[in-house]
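Peer 1: Contents are compact mmCIF, C-alpha atoms; file name my_file.txt:
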```txt
# COMPACT_ATOMS: atom_id res chain seq x y z
CA MET A 1 255.85 173.52 -28.89
CA LYS A 2 257.90 171.59 -31.39
CA ILE A 3 259.02 168.25 -29.96
CA ARG A 4 262.41 167.04 -31.01
CA PRO A 5 262.83 163.47 -32.18
CA ILE A 6 263.34 161.12 -29.26
CA MET A 7 266.96 160.35 -30.11
CA LEU A 8 267.98 163.98 -29.66
CA THR A 9 267.95 163.43 -25.91
CA VAL A 10 269.59 160.03 -25.69
CA ALA A 11 272.83 161.37 -24.26
CA ALA A 12 275.09 159.19 -22.23
CA ALA A 13 274.70 161.64 -19.37
CA GLY A 14 270.98 160.80 -19.29
CA LEU A 15 271.26 157.10 -19.83
CA SER A 16 270.36 155.92 -16.37
CA LEU A 17 268.91 152.69 -17.74
CA ALA A 18 270.52 150.80 -14.94
CA LEU A 19 273.76 151.06 -16.92
CA ALA A 20 275.96 152.08 -14.02
CA ALA A 21 276.07 148.47 -12.95
CA CYS A 22 276.34 146.84 -16.35
CA THR A 23 278.30 149.22 -18.60
CA PRO A 24 282.01 148.35 -18.82
CA ALA A 25 284.16 151.07 -17.34
CA ALA A 26 286.20 151.29 -20.53
CA THR A 27 283.19 152.16 -22.66
CA PRO A 28 283.62 155.75 -23.91
CA THR A 29 280.84 158.21 -23.10
CA PRO A 30 279.68 160.12 -26.19
CA SER A 31 278.47 163.68 -26.05
CA ASP A 32 274.86 164.59 -26.87
CA PRO A 33 274.16 162.24 -29.81
CA PRO A 34 272.56 163.50 -33.02
CA THR A 35 269.16 162.32 -34.18
CA ASN A 36 268.55 160.38 -37.38
CA SER A 37 267.43 163.64 -38.99
CA GLU A 38 270.67 165.54 -38.47
CA SER A 39 272.80 166.03 -41.56
CA ALA A 40 276.25 165.71 -40.01
CA PRO A 41 277.53 163.86 -36.92
CA PRO A 42 279.67 165.70 -34.40
CA ALA A 43 283.40 165.38 -34.56
CA THR A 44 284.95 162.91 -32.13
CA SER A 45 288.54 162.40 -31.18
CA ALA A 46 288.08 159.00 -29.58
CA ALA A 47 288.51 155.84 -31.63
CA PRO A 48 285.16 154.20 -32.45
CA THR A 49 284.04 151.42 -30.13
CA ALA A 50 283.37 148.15 -31.94
CA VAL A 51 280.01 146.67 -30.93
CA THR A 52 277.77 143.88 -32.19
CA LEU A 53 274.01 144.40 -31.91
CA THR A 54 271.56 141.56 -32.44
CA VAL A 55 268.11 142.88 -33.34
CA TRP A 56 264.81 140.99 -33.41
CA ALA A 57 261.94 142.36 -35.49
CA PRO A 58 259.07 141.08 -37.68
CA GLN A 59 259.81 139.69 -41.12
CA GLU A 60 258.01 142.59 -42.81
CA ASP A 61 260.48 145.06 -41.30
CA GLN A 62 263.53 143.29 -42.71
CA ALA A 63 262.34 141.66 -45.93
CA ASP A 64 265.26 143.12 -47.90
CA ALA A 65 267.97 145.75 -47.75
CA ASN A 66 265.42 148.49 -48.47
CA SER A 67 263.14 147.57 -45.57
CA TRP A 68 262.49 149.68 -42.49
CA LEU A 69 264.93 147.99 -40.09
CA PRO A 70 268.00 148.13 -42.37
CA LYS A 71 267.18 151.75 -43.14
CA GLN A 72 267.13 152.62 -39.43
CA GLN A 73 270.35 150.74 -38.81
CA ALA A 74 272.12 152.63 -41.57
CA ALA A 75 270.81 155.95 -40.25
CA PHE A 76 271.82 155.13 -36.68
CA ALA A 77 275.33 154.09 -37.73
CA ALA A 78 275.76 157.30 -39.73
CA ALA A 79 274.59 159.40 -36.79
CA HIS A 80 276.86 157.64 -34.28
CA PRO A 81 280.47 157.45 -35.48
CA GLU A 82 281.50 156.69 -31.90
CA PHE A 83 280.43 153.10 -32.66
CA THR A 84 281.56 150.65 -35.31
CA ILE A 85 278.55 148.35 -35.43
CA THR A 86 278.15 144.79 -36.63
CA TRP A 87 274.44 144.09 -37.08
CA LYS A 88 272.91 140.65 -36.61
CA ASN A 89 269.18 140.51 -37.40
CA ALA A 90 266.68 137.71 -36.79
CA VAL A 91 262.94 137.36 -37.36
CA VAL A 92 260.90 137.44 -34.14
CA SER A 93 257.46 139.05 -34.16
CA GLU A 94 256.33 141.49 -31.48
CA GLY A 95 253.85 138.91 -30.22
CA ASP A 96 256.55 136.25 -29.79
CA ALA A 97 259.22 138.46 -28.23
CA ALA A 98 258.72 137.59 -24.56
CA ASN A 99 258.52 133.85 -25.13
CA THR A 100 261.72 133.92 -27.15
CA VAL A 101 263.61 136.28 -24.83
CA GLN A 102 262.65 134.28 -21.73
CA GLN A 103 264.27 131.12 -23.08
CA ASP A 104 267.66 132.67 -22.26
CA PRO A 105 267.67 136.41 -21.45
CA ALA A 106 271.46 136.55 -21.35
CA ALA A 107 271.71 135.22 -24.90
CA ALA A 108 268.67 137.04 -26.30
CA ALA A 109 268.73 139.99 -28.69
CA ASP A 110 270.27 143.28 -27.64
CA VAL A 111 267.29 145.14 -29.09
CA TYR A 112 263.81 143.82 -29.85
CA LEU A 113 260.25 144.92 -30.61
CA PHE A 114 257.46 143.69 -28.33
CA ALA A 115 253.78 144.05 -27.46
CA ASN A 116 253.11 145.68 -24.10
CA ASP A 117 251.06 142.79 -22.71
CA GLN A 118 254.40 140.97 -22.30
CA LEU A 119 255.95 143.68 -20.12
CA GLY A 120 255.43 141.94 -16.77
CA ARG A 121 257.14 138.75 -17.90
CA LEU A 122 260.04 140.67 -19.41
CA ILE A 123 260.59 142.62 -16.19
CA GLN A 124 260.45 139.45 -14.09
CA SER A 125 263.05 137.88 -16.38
CA ASN A 126 265.35 140.91 -16.12
CA ALA A 127 265.25 141.05 -19.91
CA ILE A 128 264.18 144.65 -20.47
CA GLY A 129 265.91 147.88 -19.53
CA THR A 130 264.42 151.10 -18.16
CA LEU A 131 264.52 154.29 -20.21
CA SER A 132 266.84 157.11 -19.29
CA PRO A 133 265.16 160.16 -17.72
CA ASP A 134 265.70 162.17 -20.92
CA VAL A 135 264.14 159.56 -23.21
CA GLU A 136 261.35 159.00 -20.70
CA ALA A 137 260.58 162.72 -20.81
CA GLN A 138 260.44 162.68 -24.60
CA VAL A 139 258.11 159.66 -24.62
CA LYS A 140 255.79 161.38 -22.16
CA ALA A 141 255.76 164.56 -24.22
CA ALA A 142 254.84 162.77 -27.46
CA ASN A 143 252.40 160.09 -26.31
CA SER A 144 248.99 159.75 -24.66
CA ASP A 145 248.60 158.68 -21.04
CA VAL A 146 247.39 155.26 -22.22
CA MET A 147 250.56 154.67 -24.25
CA ILE A 148 252.73 155.80 -21.35
CA THR A 149 250.92 153.67 -18.77
CA SER A 150 251.07 150.65 -21.07
CA LEU A 151 254.87 150.62 -20.70
CA THR A 152 255.17 151.65 -17.05
CA GLY A 153 256.45 149.03 -14.64
CA PRO A 154 255.65 148.54 -10.94
CA SER A 155 258.56 150.82 -10.05
CA GLY A 156 256.95 153.68 -11.97
CA ARG A 157 259.74 153.65 -14.56
CA LEU A 158 259.17 153.34 -18.30
CA TYR A 159 260.32 150.31 -20.28
CA GLY A 160 260.47 150.57 -24.06
CA VAL A 161 259.71 153.36 -26.53
CA PRO A 162 256.23 153.02 -28.09
CA TYR A 163 255.87 153.27 -31.86
CA THR A 164 252.27 152.21 -32.50
CA ALA A 165 249.04 151.33 -30.70
CA ASN A 166 246.85 148.25 -30.73
CA THR A 167 243.21 149.32 -30.54
CA TRP A 168 239.94 149.50 -32.49
CA PHE A 169 237.84 152.32 -33.90
CA MET A 170 234.97 152.83 -36.35
CA TYR A 171 234.85 152.52 -40.13
CA TYR A 172 231.91 154.05 -41.93
CA ASN A 173 230.37 154.75 -45.34
CA THR A 174 230.50 158.51 -45.96
CA ASP A 175 227.50 158.26 -48.30
CA ILE A 176 225.39 157.15 -45.33
CA PHE A 177 226.90 159.04 -42.40
CA THR A 178 228.49 162.48 -42.23
CA ALA A 179 231.49 163.42 -40.08
CA ASP A 180 229.04 164.99 -37.61
CA ASP A 181 226.75 161.94 -37.57
CA VAL A 182 229.53 159.60 -36.45
CA LYS A 183 230.15 161.57 -33.29
CA ASN A 184 227.06 160.02 -31.64
CA LEU A 185 225.80 156.46 -32.03
CA ASP A 186 222.15 157.31 -31.51
CA THR A 187 222.30 159.85 -34.32
CA MET A 188 223.78 157.14 -36.52
CA LEU A 189 221.14 154.57 -35.61
CA ALA A 190 218.44 157.00 -36.71
CA LYS A 191 219.94 157.07 -40.21
CA GLY A 192 221.37 153.63 -40.99
CA LYS A 193 222.57 150.24 -39.83
CA VAL A 194 225.52 149.89 -37.49
CA ALA A 195 227.35 146.61 -36.75
CA PHE A 196 229.02 146.10 -33.38
CA PRO A 197 230.39 142.85 -31.83
CA LEU A 198 228.42 142.97 -28.60
CA ASP A 199 229.30 139.41 -27.62
CA THR A 200 233.05 140.02 -27.91
CA ALA A 201 234.64 140.91 -24.57
CA TRP A 202 237.31 143.14 -26.14
CA TYR A 203 234.53 145.45 -27.37
CA ILE A 204 231.71 145.21 -24.80
CA ALA A 205 233.85 146.78 -22.07
CA SER A 206 233.85 150.11 -23.94
CA TRP A 207 230.25 150.93 -22.98
CA TYR A 208 230.84 150.43 -19.26
CA LEU A 209 234.30 152.00 -19.06
CA GLY A 210 232.87 155.15 -20.59
CA ASN A 211 230.32 155.41 -17.76
CA GLY A 212 232.68 154.91 -14.84
CA ALA A 213 233.32 151.17 -14.61
CA THR A 214 236.91 150.29 -13.77
CA LEU A 215 239.31 147.44 -14.33
CA PHE A 216 242.04 147.36 -11.68
CA GLY A 217 241.88 150.95 -10.60
CA ALA A 218 241.74 154.21 -12.49
CA ASP A 219 244.61 153.38 -14.84
CA GLY A 220 244.23 149.58 -15.10
CA THR A 221 247.40 148.68 -13.19
CA ASP A 222 246.24 148.12 -9.60
CA GLU A 223 245.45 144.42 -9.39
CA ALA A 224 244.30 144.72 -5.79
CA ALA A 225 241.54 147.14 -6.85
CA GLY A 226 239.85 144.39 -8.84
CA ILE A 227 237.05 144.75 -11.39
CA ASN A 228 234.15 147.12 -10.71
CA PHE A 229 231.33 146.84 -13.23
CA ALA A 230 228.63 147.17 -10.57
CA GLY A 231 226.25 149.82 -9.27
CA ASP A 232 223.77 152.21 -10.80
CA ASN A 233 226.10 153.45 -13.55
CA ALA A 234 226.73 149.93 -14.83
CA THR A 235 223.04 149.04 -14.60
CA ALA A 236 222.16 152.13 -16.65
CA VAL A 237 224.52 150.97 -19.40
CA THR A 238 223.00 147.48 -19.34
CA LYS A 239 219.52 148.96 -19.77
CA TYR A 240 220.79 150.99 -22.73
CA LEU A 241 222.21 147.85 -24.34
CA VAL A 242 218.94 145.98 -23.77
CA GLU A 243 217.25 148.60 -25.95
CA LEU A 244 220.12 148.72 -28.40
CA VAL A 245 219.75 145.07 -29.40
CA LYS A 246 216.07 145.73 -30.15
CA ASN A 247 216.88 148.58 -32.53
CA LYS A 248 216.20 147.63 -36.15
CA ASN A 249 219.37 149.41 -37.22
CA PHE A 250 221.63 147.51 -34.82
CA VAL A 251 223.43 144.42 -36.16
CA ASN A 252 225.56 142.19 -34.00
CA ASP A 253 228.88 141.76 -35.76
CA ALA A 254 229.24 137.97 -35.73
CA ASN A 255 230.67 135.69 -38.42
CA ASN A 256 232.11 138.65 -40.33
CA ALA A 257 228.65 140.22 -40.73
CA GLY A 258 229.89 143.76 -40.17
CA LEU A 259 232.62 143.77 -42.79
CA ALA A 260 230.45 141.88 -45.30
CA GLY A 261 227.62 144.37 -44.78
CA LEU A 262 229.95 147.33 -45.17
CA GLN A 263 231.23 145.82 -48.39
CA ASP A 264 227.78 145.15 -49.91
CA GLY A 265 226.26 148.42 -48.70
CA SER A 266 223.73 146.92 -46.29
CA ILE A 267 225.62 148.27 -43.25
CA GLY A 268 226.89 151.81 -42.85
CA ALA A 269 229.36 151.46 -39.96
CA TYR A 270 231.57 148.75 -38.53
CA PHE A 271 234.06 148.56 -35.64
CA SER A 272 237.51 147.04 -36.11
CA GLY A 273 241.18 148.01 -36.25
CA SER A 274 243.86 149.02 -38.73
CA TRP A 275 244.28 145.39 -39.85
CA HIS A 276 241.06 145.71 -41.91
CA VAL A 277 241.87 149.00 -43.64
CA GLY A 278 242.67 147.25 -46.93
CA ASP A 279 239.33 145.42 -46.97
CA VAL A 280 237.35 148.53 -46.07
CA SER A 281 239.08 151.01 -48.36
CA GLY A 282 238.99 148.51 -51.20
CA ALA A 283 235.26 148.00 -50.78
CA LEU A 284 234.23 151.62 -50.21
CA GLY A 285 236.74 153.52 -52.33
CA ASP A 286 236.13 157.25 -51.99
CA LYS A 287 233.22 156.53 -49.61
CA TYR A 288 235.61 155.20 -46.97
CA GLY A 289 235.70 156.98 -43.63
CA ALA A 290 237.10 156.22 -40.18
CA ALA A 291 236.65 157.82 -36.78
CA GLN A 292 237.18 157.27 -33.07
CA PRO A 293 234.37 155.39 -31.26
CA PRO A 294 231.27 157.58 -30.88
CA THR A 295 229.46 158.74 -27.80
CA PHE A 296 226.06 157.31 -26.88
CA THR A 297 223.19 159.13 -25.17
CA LEU A 298 222.50 157.73 -21.72
CA ASP A 299 219.79 159.28 -19.56
CA GLY A 300 220.16 162.56 -21.43
CA LYS A 301 223.94 162.79 -21.30
CA GLU A 302 226.56 161.84 -23.86
CA VAL A 303 228.90 159.08 -22.74
CA GLN A 304 232.14 158.43 -24.61
CA MET A 305 232.82 154.80 -25.51
CA LEU A 306 236.37 153.82 -24.51
CA ALA A 307 238.16 151.23 -26.63
CA PHE A 308 240.80 148.97 -25.11
CA ALA A 309 244.29 150.04 -26.18
CA GLY A 310 247.81 148.71 -25.80
CA SER A 311 251.13 149.47 -27.47
CA LYS A 312 254.04 148.02 -29.38
CA ALA A 313 257.46 149.27 -28.44
CA ALA A 314 261.22 149.02 -28.97
CA ALA A 315 263.25 147.79 -26.01
CA PHE A 316 266.82 146.92 -25.11
CA ASN A 317 268.14 143.97 -23.15
CA PRO A 318 270.09 145.00 -20.01
CA ASN A 319 272.10 141.79 -20.38
CA SER A 320 273.60 143.09 -23.62
CA ALA A 321 277.37 143.19 -23.98
CA ALA A 322 276.88 146.69 -25.41
CA PRO A 323 274.04 148.12 -23.28
CA GLN A 324 274.81 151.74 -24.10
CA ALA A 325 274.58 151.28 -27.87
CA ALA A 326 271.61 148.93 -27.47
CA SER A 327 269.63 151.40 -25.36
CA MET A 328 270.39 154.21 -27.79
CA PHE A 329 269.31 152.15 -30.79
CA ALA A 330 266.06 151.07 -29.09
CA ALA A 331 265.23 154.72 -28.49
CA PHE A 332 266.17 155.47 -32.11
CA LEU A 333 263.66 152.88 -33.37
CA GLY A 334 260.89 154.67 -31.48
CA SER A 335 261.95 158.17 -32.52
CA THR A 336 259.70 160.55 -34.43
CA GLN A 337 261.60 160.07 -37.69
CA ALA A 338 261.66 156.28 -37.37
CA GLN A 339 257.91 156.28 -36.76
CA GLN A 340 257.41 158.46 -39.81
CA ASP A 341 259.49 156.02 -41.87
CA HIS A 342 257.50 153.09 -40.47
CA PHE A 343 254.27 154.71 -41.60
CA ASP A 344 255.61 155.64 -45.03
CA MET A 345 257.08 152.20 -45.67
CA ARG A 346 254.58 149.85 -44.03
CA GLY A 347 251.59 151.91 -42.96
CA ILE A 348 252.39 151.38 -39.27
CA ILE A 349 250.35 154.10 -37.57
CA PRO A 350 252.55 156.16 -35.23
CA SER A 351 251.90 156.58 -31.53
CA ASP A 352 253.80 159.88 -31.54
CA SER A 353 251.00 162.47 -31.50
CA THR A 354 253.28 165.12 -33.01
CA LEU A 355 253.00 163.24 -36.31
CA ALA A 356 249.26 163.84 -36.55
CA THR A 357 250.02 167.02 -38.48
CA ASN A 358 252.36 165.28 -40.93
CA ALA A 359 250.83 165.55 -44.40
CA ALA A 360 250.89 161.81 -45.15
CA VAL A 361 249.50 160.84 -41.75
CA ALA A 362 246.84 163.56 -41.82
CA ALA A 363 245.67 162.33 -45.23
CA SER A 364 245.03 158.82 -43.89
CA PRO A 365 241.55 158.40 -42.32
CA VAL A 366 242.61 155.23 -40.51
CA ALA A 367 245.74 156.84 -39.07
CA ILE A 368 243.83 159.80 -37.70
CA ALA A 369 241.04 157.54 -36.39
CA GLN A 370 243.52 155.38 -34.48
CA MET A 371 245.47 158.33 -33.10
CA ASP A 372 242.25 160.10 -32.06
CA THR A 373 241.01 156.91 -30.39
CA VAL A 374 244.20 156.48 -28.37
CA ASN A 375 244.29 160.14 -27.38
CA ASN A 376 240.59 160.75 -26.71
CA ALA A 377 238.56 157.54 -26.50
CA SER A 378 240.59 154.67 -25.06
CA ALA A 379 241.38 152.86 -21.83
CA LEU A 380 244.44 150.77 -21.13
CA GLN A 381 243.85 147.06 -21.63
CA PRO A 382 245.12 145.76 -18.28
CA THR A 383 247.90 143.19 -18.32
CA VAL A 384 247.65 142.09 -14.68
CA ALA A 385 247.11 138.37 -14.14
CA ALA A 386 243.58 138.79 -12.78
CA MET A 387 242.49 140.24 -16.13
CA GLY A 388 242.07 136.62 -17.17
CA ASN A 389 238.84 136.63 -15.12
CA PHE A 390 237.30 139.26 -17.40
CA TRP A 391 237.08 137.57 -20.79
CA ASP A 392 234.76 134.57 -20.56
CA PRO A 393 232.15 136.12 -18.23
CA SER A 394 231.99 139.20 -20.47
CA GLN A 395 231.44 137.14 -23.59
CA THR A 396 228.70 135.21 -21.80
CA PHE A 397 227.05 138.46 -20.69
CA GLY A 398 227.09 139.84 -24.23
CA ARG A 399 225.45 136.68 -25.52
CA ALA A 400 222.78 136.93 -22.82
CA LEU A 401 222.01 140.47 -23.94
CA LEU A 402 221.61 139.36 -27.54
CA ALA A 403 219.42 136.43 -26.56
CA GLY A 404 217.08 138.66 -24.58
CA ASP A 405 217.90 136.96 -21.29
CA VAL A 406 218.89 140.34 -19.87
CA THR A 407 215.96 142.75 -19.66
CA ALA A 408 215.28 146.20 -18.25
CA ALA A 409 213.54 144.54 -15.33
CA ASN A 410 216.45 142.29 -14.34
CA ALA A 411 219.30 144.55 -15.54
CA ALA A 412 220.55 145.35 -12.05
CA GLU A 413 220.53 141.70 -10.99
CA LYS A 414 222.19 140.41 -14.17
CA THR A 415 224.82 143.14 -14.11
CA GLU A 416 225.69 142.32 -10.51
CA GLN A 417 225.94 138.62 -11.35
CA TRP A 418 228.30 139.45 -14.21
CA ASN A 419 230.41 141.64 -11.95
CA SER A 420 230.58 138.92 -9.30
CA SER A 421 231.63 136.29 -11.87
CA MET A 422 234.61 138.45 -12.78
CA ALA A 423 235.84 138.49 -9.20
CA GLY A 424 237.47 135.13 -9.93
```
Can the structure from this file be put into structure tokens for me?
Peer 2:
Amino acid sequence: MKIRPIMLTVAAAGLSLALAACTPAATPTPSDPPTNSESAPPATSAAPTAVTLTVWAPQEDQADANSWLPKQQAAFAAAHPEFTITWKNAVVSEGDAANTVQQDPAAAADVYLFANDQLGRLIQSNAIGTLSPDVEAQVKAANSDVMITSLTGPSGRLYGVPYTANTWFMYYNTDIFTADDVKNLDTMLAKGKVAFPLDTAWYIASWYLGNGATLFGADGTDEAAGINFAGDNATAVTKYLVELVKNKNFVNDANNAGLAGLQDGSIGAYFSGSWHVGDVSGALGDKYGAAQPPTFTLDGKEVQMLAFAGSKAAAFNPNSAAPQAASMFAAFLGSTQAQQDHFDMRGIIPSDSTLATNAAVAASPVAIAQMDTVNNASALQPTVAAMGNFWDPSQTFGRALLAGDVTAANAAEKTEQWNSSMAG
């Protein structure tokens, strides 16, 4: 089924967005608004409403008049003649959004881009609006469960429209491994060297999550459920990792060893994210490949590694003086066409799974690897406060594995100690 761009559904009739309480009564209600791909806006008899929208986005998205943000603003204005818009842009990165918004939510930007690990703080500050039912439906139709959950608040409502994911996957040398080889780690280890950062908490969780371990419930949002990396399933993974570190073709990726080895040919596969695509493609040229994390063979069955994943999204501020226009523009920035433009202009890999068949996206190994990872081989990186108890004990456990302090004989005991240390 063809999925329309997100903005096709951002009608005023569907803009719940808590606007009933904050939208001025005199604000005109437009009919079903066109998307940024429509050639001609609908006729309107009402005089345009003058609005000012302050937008915060990274420097790279607004470097000049030809950058992604100005292009989207021009397209939105052309598609919505019911507004006469004055744009005011400022540089605030996705990672800094919550800190900046929280300083004064009432005076903050009308629309901003943010990373999902800030969602809780933004909700507590009443600085982020909920999506309308129509836009929420479009987001759910075009995105994986992980992307959707990453932007779901305690009320069950969605906040923000995702436009890319933050996760990791596998780069590999296609002269060493085939596309079939990289489906299973044990197959790979029989053919060449593989680097993996076992003593990095962001990565080590993937082995255990794939075999049934949980972080704050099934979807990573139930803080009361706590961390469960205990029991026979977790012990079995620990025993696998004990043997993995002994394998002559396993290399712990520390001090940039993985990337350096991939570049000099001594290592055939390396785990990282889209931020290293330039280094990898530059080093490997036409030998460059990328794929979702592989499975590993555990007690005769294949277990899928699950990479942590989060999202970046466009949001609107419910304190805006023009909440209707702000909510519509936030949805516009996360629309299918805007995501396509983001990829074409900056290489920002879309979260919208309908773009996987786009020719430019499909031709990018890193884009397909990231999208496949999010859709098939990822788990939400929890943002609950108790997640802070996970990081240091997990790094310590990874180091103990590498040092040989964890053995097959004491795997159950050491795994239980690790699990207990994460209880906080």
Peer 1: My list of candidates is A:Ala326, A:Val406, A:Ala213, A:Val182. Which is closest to A:Phe271 when distances are computed with all atoms listed in the file?
Peer 2: A:Val182
Peer 1: Between atom CA of A:Gly153 and atom CA of A:Phe169, what is the spacing in Å?
Peer 2: 27.0 Å
Peer 1: For atom CA of A:Gly285 and atom CA of A:Ala165, quote the distance in Å rounded to one decimal.
Peer 2: 25.0 Å
Peer 1: Which stretch 132-198 of chain A residues have any atom within 12 Å of an atom of stretch 106-125 of chain A, and for each, what is the nearest pair of atoms with distance in Å to one decimal, counting all atoms listed in the file, rows sorted by chain and number, as CSV?
Peer 2:
```
residue,atom,partner,partner_atom,distance
A:Val146,CA,A:Asn116,CA,11.3
A:Met147,CA,A:Asn116,CA,9.3
A:Ile148,CA,A:Asn116,CA,10.5
A:Thr149,CA,A:Asn116,CA,9.9
A:Ser150,CA,A:Asn116,CA,6.2
A:Leu151,CA,A:Asn116,CA,6.2
A:Thr152,CA,A:Leu119,CA,8.6
A:Gly153,CA,A:Gly120,CA,7.5
A:Pro154,CA,A:Gly120,CA,8.8
A:Ser155,CA,A:Ile123,CA,10.4
A:Arg157,CA,A:Ile123,CA,11.2
A:Leu158,CA,A:Leu119,CA,10.3
A:Tyr159,CA,A:Leu119,CA,7.9
A:Gly160,CA,A:Phe114,CA,8.6
A:Val161,CA,A:Leu113,CA,9.4
A:Pro162,CA,A:Asn116,CA,8.9
A:Tyr163,CA,A:Leu113,CA,9.5
A:Thr164,CA,A:Ala115,CA,9.7
A:Ala165,CA,A:Ala115,CA,9.3
A:Asn166,CA,A:Ala115,CA,8.7
```
Peer 1: I need the residues from that last selection saved to file as a PDB file, keeping the file's coordinate frame (with C-alpha atoms), if you can.
Peer 2:
```
ATOM      1  CA  VAL A 146     247.390 155.260 -22.220  1.00  0.00           C
ATOM      2  CA  MET A 147     250.560 154.670 -24.250  1.00  0.00           C
ATOM      3  CA  ILE A 148     252.730 155.800 -21.350  1.00  0.00           C
ATOM      4  CA  THR A 149     250.920 153.670 -18.770  1.00  0.00           C
ATOM      5  CA  SER A 150     251.070 150.650 -21.070  1.00  0.00           C
ATOM      6  CA  LEU A 151     254.870 150.620 -20.700  1.00  0.00           C
ATOM      7  CA  THR A 152     255.170 151.650 -17.050  1.00  0.00           C
ATOM      8  CA  GLY A 153     256.450 149.030 -14.640  1.00  0.00           C
ATOM      9  CA  PRO A 154     255.650 148.540 -10.940  1.00  0.00           C
ATOM     10  CA  SER A 155     258.560 150.820 -10.050  1.00  0.00           C
ATOM     11  CA  ARG A 157     259.740 153.650 -14.560  1.00  0.00           C
ATOM     12  CA  LEU A 158     259.170 153.340 -18.300  1.00  0.00           C
ATOM     13  CA  TYR A 159     260.320 150.310 -20.280  1.00  0.00           C
ATOM     14  CA  GLY A 160     260.470 150.570 -24.060  1.00  0.00           C
ATOM     15  CA  VAL A 161     259.710 153.360 -26.530  1.00  0.00           C
ATOM     16  CA  PRO A 162     256.230 153.020 -28.090  1.00  0.00           C
ATOM     17  CA  TYR A 163     255.870 153.270 -31.860  1.00  0.00           C
ATOM     18  CA  THR A 164     252.270 152.210 -32.500  1.00  0.00           C
ATOM     19  CA  ALA A 165     249.040 151.330 -30.700  1.00  0.00           C
ATOM     20  CA  ASN A 166     246.850 148.250 -30.730  1.00  0.00           C
TER      21      ASN A 166
END
```
Peer 1: Taking (220.5, 151.2, -38.8) in the file's coordinates as the center, which residues reach within 12 Å of it, counting all atoms listed in the file, put as number ranges by chain?
Peer 2: A: 176-177, 185-196, 244-252, 261, 265-270
Peer 1: So, counting only C-alpha atoms, which residue among A:Ala330, A:Lys88, A:Glu60, A:Phe390 is closest to A:Gly347?
Peer 2: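 For A:Gly347, the nearest of the candidates is A:Glu60.
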Peer 1: Can you report as lines of an AutoDock Vina configuration file the centre and edge lengths in Å, to one decimal, of an axis-aligned box around the listed atoms of stretch 279-289 of chain A padded with 5 Å on each side?
Peer 2:
```
center_x = 236.3
center_y = 151.3
center_z = -48.0
size_x = 16.1
size_y = 21.8
size_z = 18.7
```
Peer 1: Calculated over only C-alpha atoms, which of the candidates A:Leu259, A:Ala313, A:Ala290, A:Ile349 has the smallest distance to A:Leu131?
Peer 2: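 That would be A:Ala313, the residue with the smallest distance to A:Leu131.
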Peer 1: Can you work out the spacing between atom CA of A:Val135 and atom CA of A:Ala331 in Å, to one decimal?
Peer 2: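 Going from atom CA of A:Val135 over to atom CA of A:Ala331 covers 7.2 Å.
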Peer 1: May I ask which of the residues A:Gln59, A:Gln304, A:Gln324, A:Gln73 is the closest one to A:Ser206, counting only C-alpha atoms?
Peer 2: A:Gln304
Peer 1: Using all atoms listed in the file, find the one residue out of A:Val384, A:Leu402, A:Leu298, A:Ala98 that sits nearest to A:Thr221.
Peer 2: A:Val384
Peer 1: Within 9 Å of (232.8, 154.9, -13.5) (coordinates as in the file), grab all the protein and nucleic acid residues, counting all atoms listed in the file, and write them out as number ranges by chain.
Peer 2: A: 208-214, 228-229, 233-234
Peer 1: So, with all atoms listed in the file as the atoms that count, which of A:Leu333, A:Met328, A:Ala225, A:Val237 lies closest to A:Thr297?
Peer 2: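 Of the candidates, the smallest distance to A:Thr297 is held by A:Val237.
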Peer 1: Check which residues of stretch 110-222 of chain A sit at most 8 Å from stretch 392-395 of chain A using all atoms listed in the file, and return one row each with the closest pair of atoms and their distance in Å to one decimal, ordered by chain and rising number, as CSV.
Peer 2:
```
residue,atom,partner,partner_atom,distance
A:Asp199,CA,A:Gln395,CA,5.1
A:Thr200,CA,A:Gln395,CA,5.4
A:Ala201,CA,A:Gln395,CA,5.0
A:Ile204,CA,A:Ser394,CA,7.4
A:Ala205,CA,A:Ser394,CA,8.0
```
Peer 1: Name the residues in contact with A:Val92 at a cut-off of 7 Å, using all atoms listed in the file, excluding same-chain residues fewer than 6 positions from it; report them as a PDB file with C-alpha atoms, keeping the file's coordinate frame.
Peer 2:
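The resulting file, out_11.pdb, is reproduced below:
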```pdb
ATOM      1  CA  TRP A  56     264.810 140.990 -33.410  1.00  0.00           C
ATOM      2  CA  ALA A  57     261.940 142.360 -35.490  1.00  0.00           C
ATOM      3  CA  PRO A  58     259.070 141.080 -37.680  1.00  0.00           C
TER       4      PRO A  58
END
```
